[in-house]
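Q: What follows is run24.cif; its format and atoms are mmCIF, C-alpha atoms.
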data_coords
loop_
_atom_site.group_PDB
_atom_site.id
_atom_site.type_symbol
_atom_site.label_atom_id
_atom_site.label_comp_id
_atom_site.auth_asym_id
_atom_site.auth_seq_id
_atom_site.Cartn_x
_atom_site.Cartn_y
_atom_site.Cartn_z
ATOM 1 C CA MET A 1 -138.104 75.889 -3.104
ATOM 2 C CA GLY A 2 -136.889 72.451 -2.190
ATOM 3 C CA LEU A 3 -139.355 69.676 -2.729
ATOM 4 C CA PRO A 4 -139.190 66.651 -0.511
ATOM 5 C CA ARG A 5 -137.180 63.902 -2.133
ATOM 6 C CA THR A 6 -140.221 61.648 -2.480
ATOM 7 C CA ASP A 7 -142.022 64.296 -4.551
ATOM 8 C CA LEU A 8 -139.050 64.575 -6.871
ATOM 9 C CA THR A 9 -139.006 60.838 -7.342
ATOM 10 C CA THR A 10 -142.705 60.861 -8.032
ATOM 11 C CA GLU A 11 -142.371 63.646 -10.582
ATOM 12 C CA ALA A 12 -139.525 61.803 -12.306
ATOM 13 C CA GLN A 13 -141.583 58.607 -12.373
ATOM 14 C CA VAL A 14 -144.581 60.388 -13.814
ATOM 15 C CA ILE A 15 -142.387 61.979 -16.479
ATOM 16 C CA ALA A 16 -141.022 58.552 -17.401
ATOM 17 C CA ARG A 17 -144.609 57.422 -17.973
ATOM 18 C CA VAL A 18 -145.301 60.503 -20.096
ATOM 19 C CA CYS A 19 -142.228 59.734 -22.195
ATOM 20 C CA ALA A 20 -143.654 56.263 -22.728
ATOM 21 C CA GLY A 21 -146.777 57.878 -24.206
ATOM 22 C CA ASP A 22 -149.096 58.125 -21.199
ATOM 23 C CA ARG A 23 -151.293 61.200 -21.804
ATOM 24 C CA GLU A 24 -153.202 60.808 -18.552
ATOM 25 C CA ALA A 25 -149.915 61.024 -16.682
ATOM 26 C CA PHE A 26 -149.082 64.213 -18.554
ATOM 27 C CA TYR A 27 -152.387 65.803 -17.626
ATOM 28 C CA ALA A 28 -151.744 64.810 -14.008
ATOM 29 C CA LEU A 29 -148.571 66.927 -14.158
ATOM 30 C CA VAL A 30 -150.257 69.858 -15.863
ATOM 31 C CA GLN A 31 -153.435 70.035 -13.843
ATOM 32 C CA PRO A 32 -151.951 71.361 -10.561
ATOM 33 C CA CYS A 33 -150.319 74.243 -12.436
ATOM 34 C CA GLU A 34 -153.142 75.124 -14.846
ATOM 35 C CA ARG A 35 -154.027 78.207 -12.884
ATOM 36 C CA SER A 36 -150.426 79.468 -12.878
ATOM 37 C CA ILE A 37 -150.092 78.727 -16.577
ATOM 38 C CA TYR A 38 -153.219 80.730 -17.304
ATOM 39 C CA ALA A 39 -152.174 83.615 -15.021
ATOM 40 C CA ALA A 40 -148.733 83.747 -16.648
ATOM 41 C CA ALA A 41 -150.330 83.995 -20.093
ATOM 42 C CA MET A 42 -152.791 86.625 -18.852
ATOM 43 C CA SER A 43 -149.973 88.703 -17.360
ATOM 44 C CA ILE A 44 -148.722 89.199 -20.909
ATOM 45 C CA LEU A 45 -151.795 88.989 -23.128
ATOM 46 C CA ASN A 46 -154.463 90.401 -20.797
ATOM 47 C CA ASN A 47 -157.213 88.756 -22.822
ATOM 48 C CA PRO A 48 -158.855 85.477 -21.762
ATOM 49 C CA ALA A 49 -159.238 83.949 -25.241
ATOM 50 C CA ASP A 50 -155.651 84.755 -26.245
ATOM 51 C CA ALA A 51 -154.343 83.564 -22.885
ATOM 52 C CA GLU A 52 -156.182 80.251 -23.209
ATOM 53 C CA GLU A 53 -154.848 79.724 -26.704
ATOM 54 C CA ALA A 54 -151.276 80.502 -25.607
ATOM 55 C CA ALA A 55 -151.693 78.182 -22.601
ATOM 56 C CA GLN A 56 -152.880 75.323 -24.806
ATOM 57 C CA GLU A 57 -150.074 75.836 -27.289
ATOM 58 C CA ALA A 58 -147.533 75.971 -24.469
ATOM 59 C CA VAL A 59 -148.816 72.773 -22.883
ATOM 60 C CA LEU A 60 -148.674 70.944 -26.213
ATOM 61 C CA LYS A 61 -145.123 72.211 -26.736
ATOM 62 C CA ALA A 62 -144.227 70.938 -23.274
ATOM 63 C CA LEU A 63 -145.679 67.542 -24.182
ATOM 64 C CA ALA A 64 -143.683 67.432 -27.417
ATOM 65 C CA ALA A 65 -140.504 68.406 -25.568
ATOM 66 C CA ILE A 66 -140.997 66.324 -22.425
ATOM 67 C CA SER A 67 -138.086 64.003 -23.242
ATOM 68 C CA ARG A 68 -135.816 67.047 -23.016
ATOM 69 C CA PHE A 69 -137.067 68.002 -19.554
ATOM 70 C CA ARG A 70 -134.139 67.356 -17.246
ATOM 71 C CA GLY A 71 -135.646 68.160 -13.904
ATOM 72 C CA GLU A 72 -133.277 71.073 -13.265
ATOM 73 C CA ALA A 73 -136.347 73.155 -12.507
ATOM 74 C CA LYS A 74 -139.696 71.918 -11.270
ATOM 75 C CA PHE A 75 -142.068 70.834 -14.012
ATOM 76 C CA SER A 76 -144.392 73.721 -13.115
ATOM 77 C CA THR A 77 -141.608 76.310 -13.531
ATOM 78 C CA TRP A 78 -140.596 74.763 -16.826
ATOM 79 C CA VAL A 79 -144.103 74.772 -18.253
ATOM 80 C CA ILE A 80 -144.656 78.370 -17.046
ATOM 81 C CA GLN A 81 -141.441 79.347 -18.814
ATOM 82 C CA ILE A 82 -142.731 77.802 -22.045
ATOM 83 C CA THR A 83 -146.046 79.614 -21.541
ATOM 84 C CA ILE A 84 -144.317 82.976 -21.064
ATOM 85 C CA ASN A 85 -142.390 82.463 -24.307
ATOM 86 C CA GLU A 86 -145.514 81.390 -26.137
ATOM 87 C CA ALA A 87 -147.474 84.395 -24.872
ATOM 88 C CA ARG A 88 -144.696 86.809 -25.848
ATOM 89 C CA LEU A 89 -144.549 85.291 -29.295
ATOM 90 C CA LYS A 90 -148.286 85.647 -29.657
ATOM 91 C CA LEU A 91 -148.224 89.248 -28.475
ATOM 92 C CA ARG A 92 -145.621 90.123 -31.093
ATOM 93 C CA LYS A 93 -147.501 88.308 -33.826
ATOM 94 C CA ASP A 94 -150.980 89.626 -33.063
ATOM 95 C CA ARG A 95 -150.299 93.150 -32.008
ATOM 96 C CA ARG A 96 -147.245 94.185 -33.904
ATOM 97 C CA HIS A 97 -148.806 97.480 -34.942
ATOM 98 C CA LEU A 98 -149.471 98.613 -31.407
ATOM 99 C CA PHE A 99 -146.778 96.659 -29.731
ATOM 100 C CA GLU A 100 -144.776 98.524 -27.211
ATOM 101 C CA SER A 101 -141.257 97.166 -27.218
ATOM 102 C CA THR A 102 -140.438 94.935 -24.309
ATOM 103 C CA ASP A 103 -136.859 94.663 -25.373
ATOM 104 C CA GLU A 104 -134.636 95.247 -22.438
ATOM 105 C CA GLU A 105 -133.981 98.915 -22.107
ATOM 106 C CA LYS A 106 -130.503 99.067 -20.744
ATOM 107 C CA THR A 107 -130.947 101.958 -18.411
ATOM 108 C CA ASP A 108 -134.395 101.667 -16.959
ATOM 109 C CA GLU A 109 -133.492 99.546 -14.007
ATOM 110 C CA GLN A 110 -130.518 101.599 -13.084
ATOM 111 C CA GLY A 111 -131.020 104.589 -10.889
ATOM 112 C CA ASP A 112 -133.530 104.677 -8.123
ATOM 113 C CA TYR A 113 -137.273 104.777 -8.123
ATOM 114 C CA PHE A 114 -138.674 107.440 -5.878
ATOM 115 C CA PRO A 115 -141.995 106.833 -4.198
ATOM 116 C CA LYS A 116 -144.377 109.566 -5.288
ATOM 117 C CA ASP A 117 -145.868 110.345 -1.933
ATOM 118 C CA TYR A 118 -145.765 109.286 1.636
ATOM 119 C CA ALA A 119 -149.419 108.671 2.219
ATOM 120 C CA ASP A 120 -149.809 106.471 5.214
ATOM 121 C CA TRP A 121 -152.312 103.700 4.695
ATOM 122 C CA ARG A 122 -151.197 101.179 7.189
ATOM 123 C CA GLU A 123 -154.788 100.479 8.165
ATOM 124 C CA ILE A 124 -156.487 98.346 5.570
ATOM 125 C CA PRO A 125 -159.673 96.827 6.908
ATOM 126 C CA SER A 126 -160.132 93.260 5.705
ATOM 127 C CA GLU A 127 -163.566 94.110 4.340
ATOM 128 C CA ALA A 128 -161.939 96.643 1.995
ATOM 129 C CA LEU A 129 -161.256 93.886 -0.519
ATOM 130 C CA GLN A 130 -164.944 93.153 -0.774
ATOM 131 C CA ARG A 131 -165.386 96.601 -2.171
ATOM 132 C CA LYS A 132 -165.797 96.680 -5.886
ATOM 133 C CA GLU A 133 -163.934 99.948 -6.310
ATOM 134 C CA LEU A 134 -160.832 98.540 -4.640
ATOM 135 C CA ARG A 135 -160.829 95.445 -6.859
ATOM 136 C CA GLU A 136 -161.288 97.645 -9.898
ATOM 137 C CA ALA A 137 -158.528 99.986 -8.767
ATOM 138 C CA LEU A 138 -156.233 96.968 -8.306
ATOM 139 C CA LYS A 139 -156.992 95.793 -11.833
ATOM 140 C CA ARG A 140 -156.397 99.277 -13.272
ATOM 141 C CA ALA A 141 -153.144 99.644 -11.349
ATOM 142 C CA LEU A 142 -151.969 96.239 -12.583
ATOM 143 C CA ASP A 143 -152.889 97.073 -16.184
ATOM 144 C CA SER A 144 -150.960 100.326 -15.943
ATOM 145 C CA LEU A 145 -147.689 98.562 -15.092
ATOM 146 C CA PRO A 146 -145.139 98.026 -17.856
ATOM 147 C CA GLN A 147 -145.389 94.417 -18.959
ATOM 148 C CA LYS A 148 -142.057 93.327 -17.525
ATOM 149 C CA TYR A 149 -143.067 94.546 -14.073
ATOM 150 C CA ARG A 150 -146.530 93.009 -14.329
ATOM 151 C CA GLU A 151 -145.065 89.585 -15.218
ATOM 152 C CA VAL A 152 -142.823 89.580 -12.166
ATOM 153 C CA LEU A 153 -145.539 90.842 -9.837
ATOM 154 C CA ILE A 154 -148.010 88.185 -10.975
ATOM 155 C CA LEU A 155 -145.563 85.296 -10.758
ATOM 156 C CA ARG A 156 -144.251 86.402 -7.353
ATOM 157 C CA ASP A 157 -147.128 88.047 -5.530
ATOM 158 C CA VAL A 158 -150.152 86.365 -7.122
ATOM 159 C CA GLN A 159 -148.818 82.902 -7.987
ATOM 160 C CA HIS A 160 -146.214 82.889 -5.189
ATOM 161 C CA LEU A 161 -143.314 81.502 -7.183
ATOM 162 C CA SER A 162 -139.969 81.907 -5.404
ATOM 163 C CA ILE A 163 -137.417 84.465 -6.632
ATOM 164 C CA GLN A 164 -135.449 81.601 -8.199
ATOM 165 C CA GLU A 165 -138.502 80.099 -9.926
ATOM 166 C CA THR A 166 -139.568 83.526 -11.209
ATOM 167 C CA ALA A 167 -136.072 84.092 -12.618
ATOM 168 C CA GLN A 168 -136.129 80.689 -14.334
ATOM 169 C CA ALA A 169 -139.622 81.195 -15.744
ATOM 170 C CA LEU A 170 -138.803 84.621 -17.160
ATOM 171 C CA GLY A 171 -135.251 83.818 -18.226
ATOM 172 C CA ILE A 172 -133.772 86.711 -16.225
ATOM 173 C CA THR A 173 -131.387 86.907 -13.282
ATOM 174 C CA GLU A 174 -132.575 86.791 -9.683
ATOM 175 C CA GLY A 175 -131.180 90.320 -9.291
ATOM 176 C CA SER A 176 -133.460 91.547 -12.080
ATOM 177 C CA VAL A 177 -136.436 89.818 -10.473
ATOM 178 C CA LYS A 178 -135.783 91.691 -7.225
ATOM 179 C CA THR A 179 -135.306 95.051 -8.950
ATOM 180 C CA ARG A 180 -138.433 94.661 -11.065
ATOM 181 C CA LEU A 181 -140.418 93.464 -8.097
ATOM 182 C CA LEU A 182 -139.460 96.539 -6.079
ATOM 183 C CA ARG A 183 -140.532 98.805 -8.930
ATOM 184 C CA ALA A 184 -143.726 96.910 -9.538
ATOM 185 C CA ARG A 185 -144.693 97.109 -5.870
ATOM 186 C CA PHE A 186 -143.804 100.810 -5.629
ATOM 187 C CA GLN A 187 -145.741 101.643 -8.773
ATOM 188 C CA MET A 188 -148.744 99.696 -7.499
ATOM 189 C CA ARG A 189 -148.483 101.605 -4.261
ATOM 190 C CA ASP A 190 -148.292 104.925 -6.090
ATOM 191 C CA ALA A 191 -151.288 103.985 -8.206
ATOM 192 C CA LEU A 192 -153.373 102.839 -5.246
ATOM 193 C CA ALA A 193 -152.320 105.343 -2.601
ATOM 194 C CA PRO A 194 -154.606 108.229 -3.628
ATOM 195 C CA GLY A 195 -157.719 106.109 -3.068
ATOM 196 C CA ILE A 196 -156.394 104.443 0.035
ATOM 197 C CA ASP A 197 -155.385 107.849 1.250
ATOM 198 C CA GLY A 198 -158.886 109.192 1.159
ATOM 199 C CA SER A 199 -161.716 108.329 -1.138
ATOM 200 C CA TRP A 200 -162.181 104.717 -0.050
ATOM 201 C CA TYR A 201 -162.499 105.745 3.525
ATOM 202 C CA ALA A 202 -164.566 108.826 3.019
ATOM 203 C CA GLY A 203 -166.102 109.675 6.315
ATOM 204 C CA LYS A 204 -163.689 107.514 8.253
ATOM 205 C CA GLN A 205 -160.568 108.991 9.713
ATOM 206 C CA GLU A 206 -158.608 105.760 9.936
ATOM 207 C CA TYR A 207 -155.795 106.966 7.768
ATOM 208 C CA GLU A 208 -153.297 109.600 8.559
ATOM 209 C CA LYS A 209 -151.628 111.788 5.997
ATOM 210 C CA VAL A 210 -147.952 112.183 6.502
ATOM 211 C CA ARG A 211 -147.073 113.952 3.304
ATOM 212 C CA PRO A 212 -143.999 116.080 3.734
ATOM 213 C CA TRP A 213 -145.563 119.039 1.918
ATOM 214 C CA MET B 1 -124.953 96.875 19.889
ATOM 215 C CA LYS B 2 -124.595 100.099 17.980
ATOM 216 C CA VAL B 3 -126.663 100.076 14.816
ATOM 217 C CA ILE B 4 -125.149 101.965 11.916
ATOM 218 C CA GLU B 5 -127.522 104.512 10.442
ATOM 219 C CA ILE B 6 -129.016 104.023 7.037
ATOM 220 C CA THR B 7 -130.358 106.616 4.585
ATOM 221 C CA CYS B 8 -133.926 106.788 3.273
ATOM 222 C CA LEU B 9 -132.666 106.004 -0.228
ATOM 223 C CA GLU B 10 -130.997 102.806 0.964
ATOM 224 C CA VAL B 11 -134.168 101.829 2.798
ATOM 225 C CA TRP B 12 -136.249 102.289 -0.380
ATOM 226 C CA ARG B 13 -133.849 100.098 -2.363
ATOM 227 C CA GLU B 14 -134.215 97.293 0.130
ATOM 228 C CA VAL B 15 -137.816 97.613 1.247
ATOM 229 C CA SER B 16 -139.092 94.950 -1.134
ATOM 230 C CA ASN B 17 -136.352 92.503 -0.102
ATOM 231 C CA TYR B 18 -137.129 93.317 3.526
ATOM 232 C CA ILE B 19 -140.771 92.399 2.981
ATOM 233 C CA ASP B 20 -139.649 89.098 1.440
ATOM 234 C CA GLY B 21 -137.352 88.376 4.399
ATOM 235 C CA ASP B 22 -134.428 88.589 2.007
ATOM 236 C CA VAL B 23 -132.056 90.879 3.940
ATOM 237 C CA ASP B 24 -129.343 89.858 6.371
ATOM 238 C CA ALA B 25 -129.663 90.381 10.131
ATOM 239 C CA GLU B 26 -127.490 93.493 10.167
ATOM 240 C CA LEU B 27 -129.416 95.279 7.427
ATOM 241 C CA ARG B 28 -132.680 94.230 9.037
ATOM 242 C CA ALA B 29 -131.612 95.838 12.321
ATOM 243 C CA ARG B 30 -130.558 99.035 10.539
ATOM 244 C CA MET B 31 -133.854 99.230 8.671
ATOM 245 C CA GLU B 32 -135.902 98.581 11.779
ATOM 246 C CA ALA B 33 -134.026 101.306 13.641
ATOM 247 C CA HIS B 34 -134.726 103.657 10.724
ATOM 248 C CA PHE B 35 -138.458 102.859 10.685
ATOM 249 C CA LYS B 36 -138.653 103.883 14.339
ATOM 250 C CA THR B 37 -137.437 107.378 13.573
ATOM 251 C CA CYS B 38 -138.580 108.029 9.990
ATOM 252 C CA ALA B 39 -142.349 108.257 9.536
ATOM 253 C CA HIS B 40 -142.038 108.595 5.754
ATOM 254 C CA CYS B 41 -140.098 105.384 5.295
ATOM 255 C CA LYS B 42 -142.363 103.593 7.744
ATOM 256 C CA ALA B 43 -145.365 104.754 5.685
ATOM 257 C CA ILE B 44 -143.710 103.560 2.486
ATOM 258 C CA TYR B 45 -142.925 100.217 4.064
ATOM 259 C CA ASP B 46 -146.469 99.796 5.408
ATOM 260 C CA GLY B 47 -147.985 100.838 2.080
ATOM 261 C CA THR B 48 -145.777 98.525 0.050
ATOM 262 C CA LYS B 49 -146.478 95.641 2.390
ATOM 263 C CA ASN B 50 -150.192 96.345 2.033
ATOM 264 C CA VAL B 51 -149.797 96.254 -1.746
ATOM 265 C CA VAL B 52 -148.286 92.777 -1.486
ATOM 266 C CA THR B 53 -151.238 91.629 0.634
ATOM 267 C CA LEU B 54 -153.810 93.314 -1.595
ATOM 268 C CA VAL B 55 -152.319 91.855 -4.761
ATOM 269 C CA ALA B 56 -152.152 88.367 -3.233
ATOM 270 C CA ASP B 57 -155.742 88.500 -1.991
ATOM 271 C CA GLY B 58 -157.406 90.707 -4.535
ATOM 272 C CA VAL B 59 -155.930 89.794 -7.898
ATOM 273 C CA GLU B 60 -157.337 86.669 -9.365
ATOM 274 C CA TYR B 61 -157.282 85.287 -12.852
ATOM 275 C CA LYS B 62 -160.320 83.109 -13.085
ATOM 276 C CA MET B 63 -159.860 80.524 -15.779
ATOM 277 C CA PRO B 64 -162.568 80.722 -18.434
ATOM 278 C CA SER B 65 -165.318 78.181 -17.942
ATOM 279 C CA GLY B 66 -164.377 74.826 -19.514
ATOM 280 C CA PHE B 67 -160.663 75.721 -19.626
ATOM 281 C CA SER B 68 -159.525 72.468 -17.976
ATOM 282 C CA GLU B 69 -161.771 70.280 -20.117
ATOM 283 C CA ARG B 70 -160.576 71.889 -23.335
ATOM 284 C CA LEU B 71 -156.952 71.593 -22.259
ATOM 285 C CA TYR B 72 -157.450 67.928 -21.370
ATOM 286 C CA LYS B 73 -159.019 67.292 -24.764
ATOM 287 C CA LYS B 74 -156.163 69.057 -26.577
ATOM 288 C CA ILE B 75 -153.690 66.790 -24.793
ATOM 289 C CA GLN B 76 -155.671 63.687 -25.666
ATOM 290 C CA ASP B 77 -156.124 64.692 -29.309
ATOM 291 C CA GLU B 78 -152.530 65.699 -29.927
#
Please re-express this file's structure in structure tokens.
A:
Amino acid sequence: MGLPRTDLTTEAQVIARVCAGDREAFYALVQPCERSIYAAAMSILNNPADAEEAAQEAVLKALAAISRFRGEAKFSTWVIQITINEARLKLRKDRRHLFESTDEEKTDEQGDYFPKDYADWREIPSEALQRKELREALKRALDSLPQKYREVLILRDVQHLSIQETAQALGITEGSVKTRLLRARFQMRDALAPGIDGSWYAGKQEYEKVRPW
Amino acid sequence: MKVIEITCLEVWREVSNYIDGDVDAELRARMEAHFKTCAHCKAIYDGTKNVVTLVADGVEYKMPSGFSERLYKKIQDE
């Protein structure tokens, strides 16, 4: 995402002040991306206290390393990248005994993902989101995703980072972002479809089943 | 213009990019022609698009109360 030139200049100027020891200026940089920093940490740690700790550690690391920030990425992308690394480190440290390897499995993104059913839920009433069961189902579906898919989905579809920013933040290629995003969205759809396909609209016939069997 | 047909499998591979507006004009035309004739792929597209909307609107990570203040203090104390 291209920032207007003036914004870039401003960011560079603010960073120069931070390098000169201005802590207020540093907080001014961090504050607009606090929410993204926290969400990035949550996407990995899924626990508010751990996520806050990882976010704080990441921000302090960013402060210590600010003189090495070259402006190749936006500050927000850079600090999210540091947060992701910090959260991963923390996950390994704290939960080694139940840690499910997130090492890249060579084969899992090759081959195609087949949608599990063809339930048609093109009608989603806007009030549906107000319903507690839908919010809870969303949370459950998100928790059920493998971590590497959840990270991509949260950065892209919740925090609205671009494909390029997501790739930079996660240290993966743009191609991998797209592949993981497709799988994440399909798996969310598979997880949510049964409810959308019926139970949430019990009594209403707004949906139409088009299952091939 | 004759639009070259596309298979369901190819549509599934590209559906997420299509939602993001990240397919070229030719592929877009082929996919749109496919959606007109294939109810299954249209349903998958609609469902996946709904997921993107639902996730954007319905997933929220509320920062714990006092998060900003504590972060500010950490920065000042460092």
Q: Hey, can you check how far CA of Lys74 in chain A sits from CA of Glu52 in chain A?
A: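 About the pair CA of Lys74 in chain A and CA of Glu52 in chain A: they are 22.0 Å apart.
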Q: Go through the shown structure with the PyMOL selection byres ((chain A and resi 29) around 10) and write out the matching residues as a PyMOL selection string.
A: chain A and resi 11+14-15+18+23-28+30-34+75-76+79
Q: Please identify all polymer residues within 10 Å of Ile4 in chain B, counting only C-alpha atoms, omitting same-chain residues fewer than 4 positions from it, and present them as an MDAnalysis selection string.
A: chainID B and resid 26:27 29:31 33:34
Q: Hey, what comes out of the PyMOL selection byres ((chain A and resi 54-66) around 7) on this file? Could you write it as a list in words?
A: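 After applying the PyMOL selection byres ((chain A and resi 54-66) around 7), what remains is Cys19, Ile37, Tyr38, Ala41, Asp50, Ala51, Glu52, Glu53, Ser67, Arg68, Phe69, Val79, Ile82, Thr83, Glu86 and Ala87 of chain A; Leu71 and Ile75 of chain B.
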Q: Residues of the last selection are to be written out with C-alpha atoms, as a PDB file, in the frame of the given file.
A:
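Contents of out-v1.pdb, as written:
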ATOM      1  CA  CYS A  19    -142.228  59.734 -22.195  1.00  0.00           C
ATOM      2  CA  ILE A  37    -150.092  78.727 -16.577  1.00  0.00           C
ATOM      3  CA  TYR A  38    -153.219  80.730 -17.304  1.00  0.00           C
ATOM      4  CA  ALA A  41    -150.330  83.995 -20.093  1.00  0.00           C
ATOM      5  CA  ASP A  50    -155.651  84.755 -26.245  1.00  0.00           C
ATOM      6  CA  ALA A  51    -154.343  83.564 -22.885  1.00  0.00           C
ATOM      7  CA  GLU A  52    -156.182  80.251 -23.209  1.00  0.00           C
ATOM      8  CA  GLU A  53    -154.848  79.724 -26.704  1.00  0.00           C
ATOM      9  CA  SER A  67    -138.086  64.003 -23.242  1.00  0.00           C
ATOM     10  CA  ARG A  68    -135.816  67.047 -23.016  1.00  0.00           C
ATOM     11  CA  PHE A  69    -137.067  68.002 -19.554  1.00  0.00           C
ATOM     12  CA  VAL A  79    -144.103  74.772 -18.253  1.00  0.00           C
ATOM     13  CA  ILE A  82    -142.731  77.802 -22.045  1.00  0.00           C
ATOM     14  CA  THR A  83    -146.046  79.614 -21.541  1.00  0.00           C
ATOM     15  CA  GLU A  86    -145.514  81.390 -26.137  1.00  0.00           C
ATOM     16  CA  ALA A  87    -147.474  84.395 -24.872  1.00  0.00           C
TER      17      ALA A  87
ATOM     18  CA  LEU B  71    -156.952  71.593 -22.259  1.00  0.00           C
ATOM     19  CA  ILE B  75    -153.690  66.790 -24.793  1.00  0.00           C
TER      20      ILE B  75
END
Q: Please report the interatomic distance between CA of Glu136 in chain A and CA of Ile44 in chain B in Å with one decimal.
A: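 Computed distance, CA of Glu136 in chain A to CA of Ile44 in chain B, equals 22.3 Å.
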Q: Could you state the separation of CA of Ala39 in chain B and CA of Tyr149 in chain A in Å, given to one decimal place?
A: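 Distance between the two atoms: 27.3 Å.
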Q: Using the chain letters and numbering of this document, enumerate as a PyMOL selection string the residues selected by the PyMOL selection byres ((chain B) within 9 of (chain A)).
A: chain B and resi 9+12-17+39-64+67-68+70-72+74-76+78
Q: Could you give me the centre and size, in Å to one decimal, of an axis-aligned box around all listed atoms of range 78-96 of chain A with 5 Å added on every side, as JSON?
A:
{"center_x": -145.8, "center_y": 84.5, "center_z": -25.4, "size_x": 20.4, "size_y": 29.4, "size_z": 27.1}
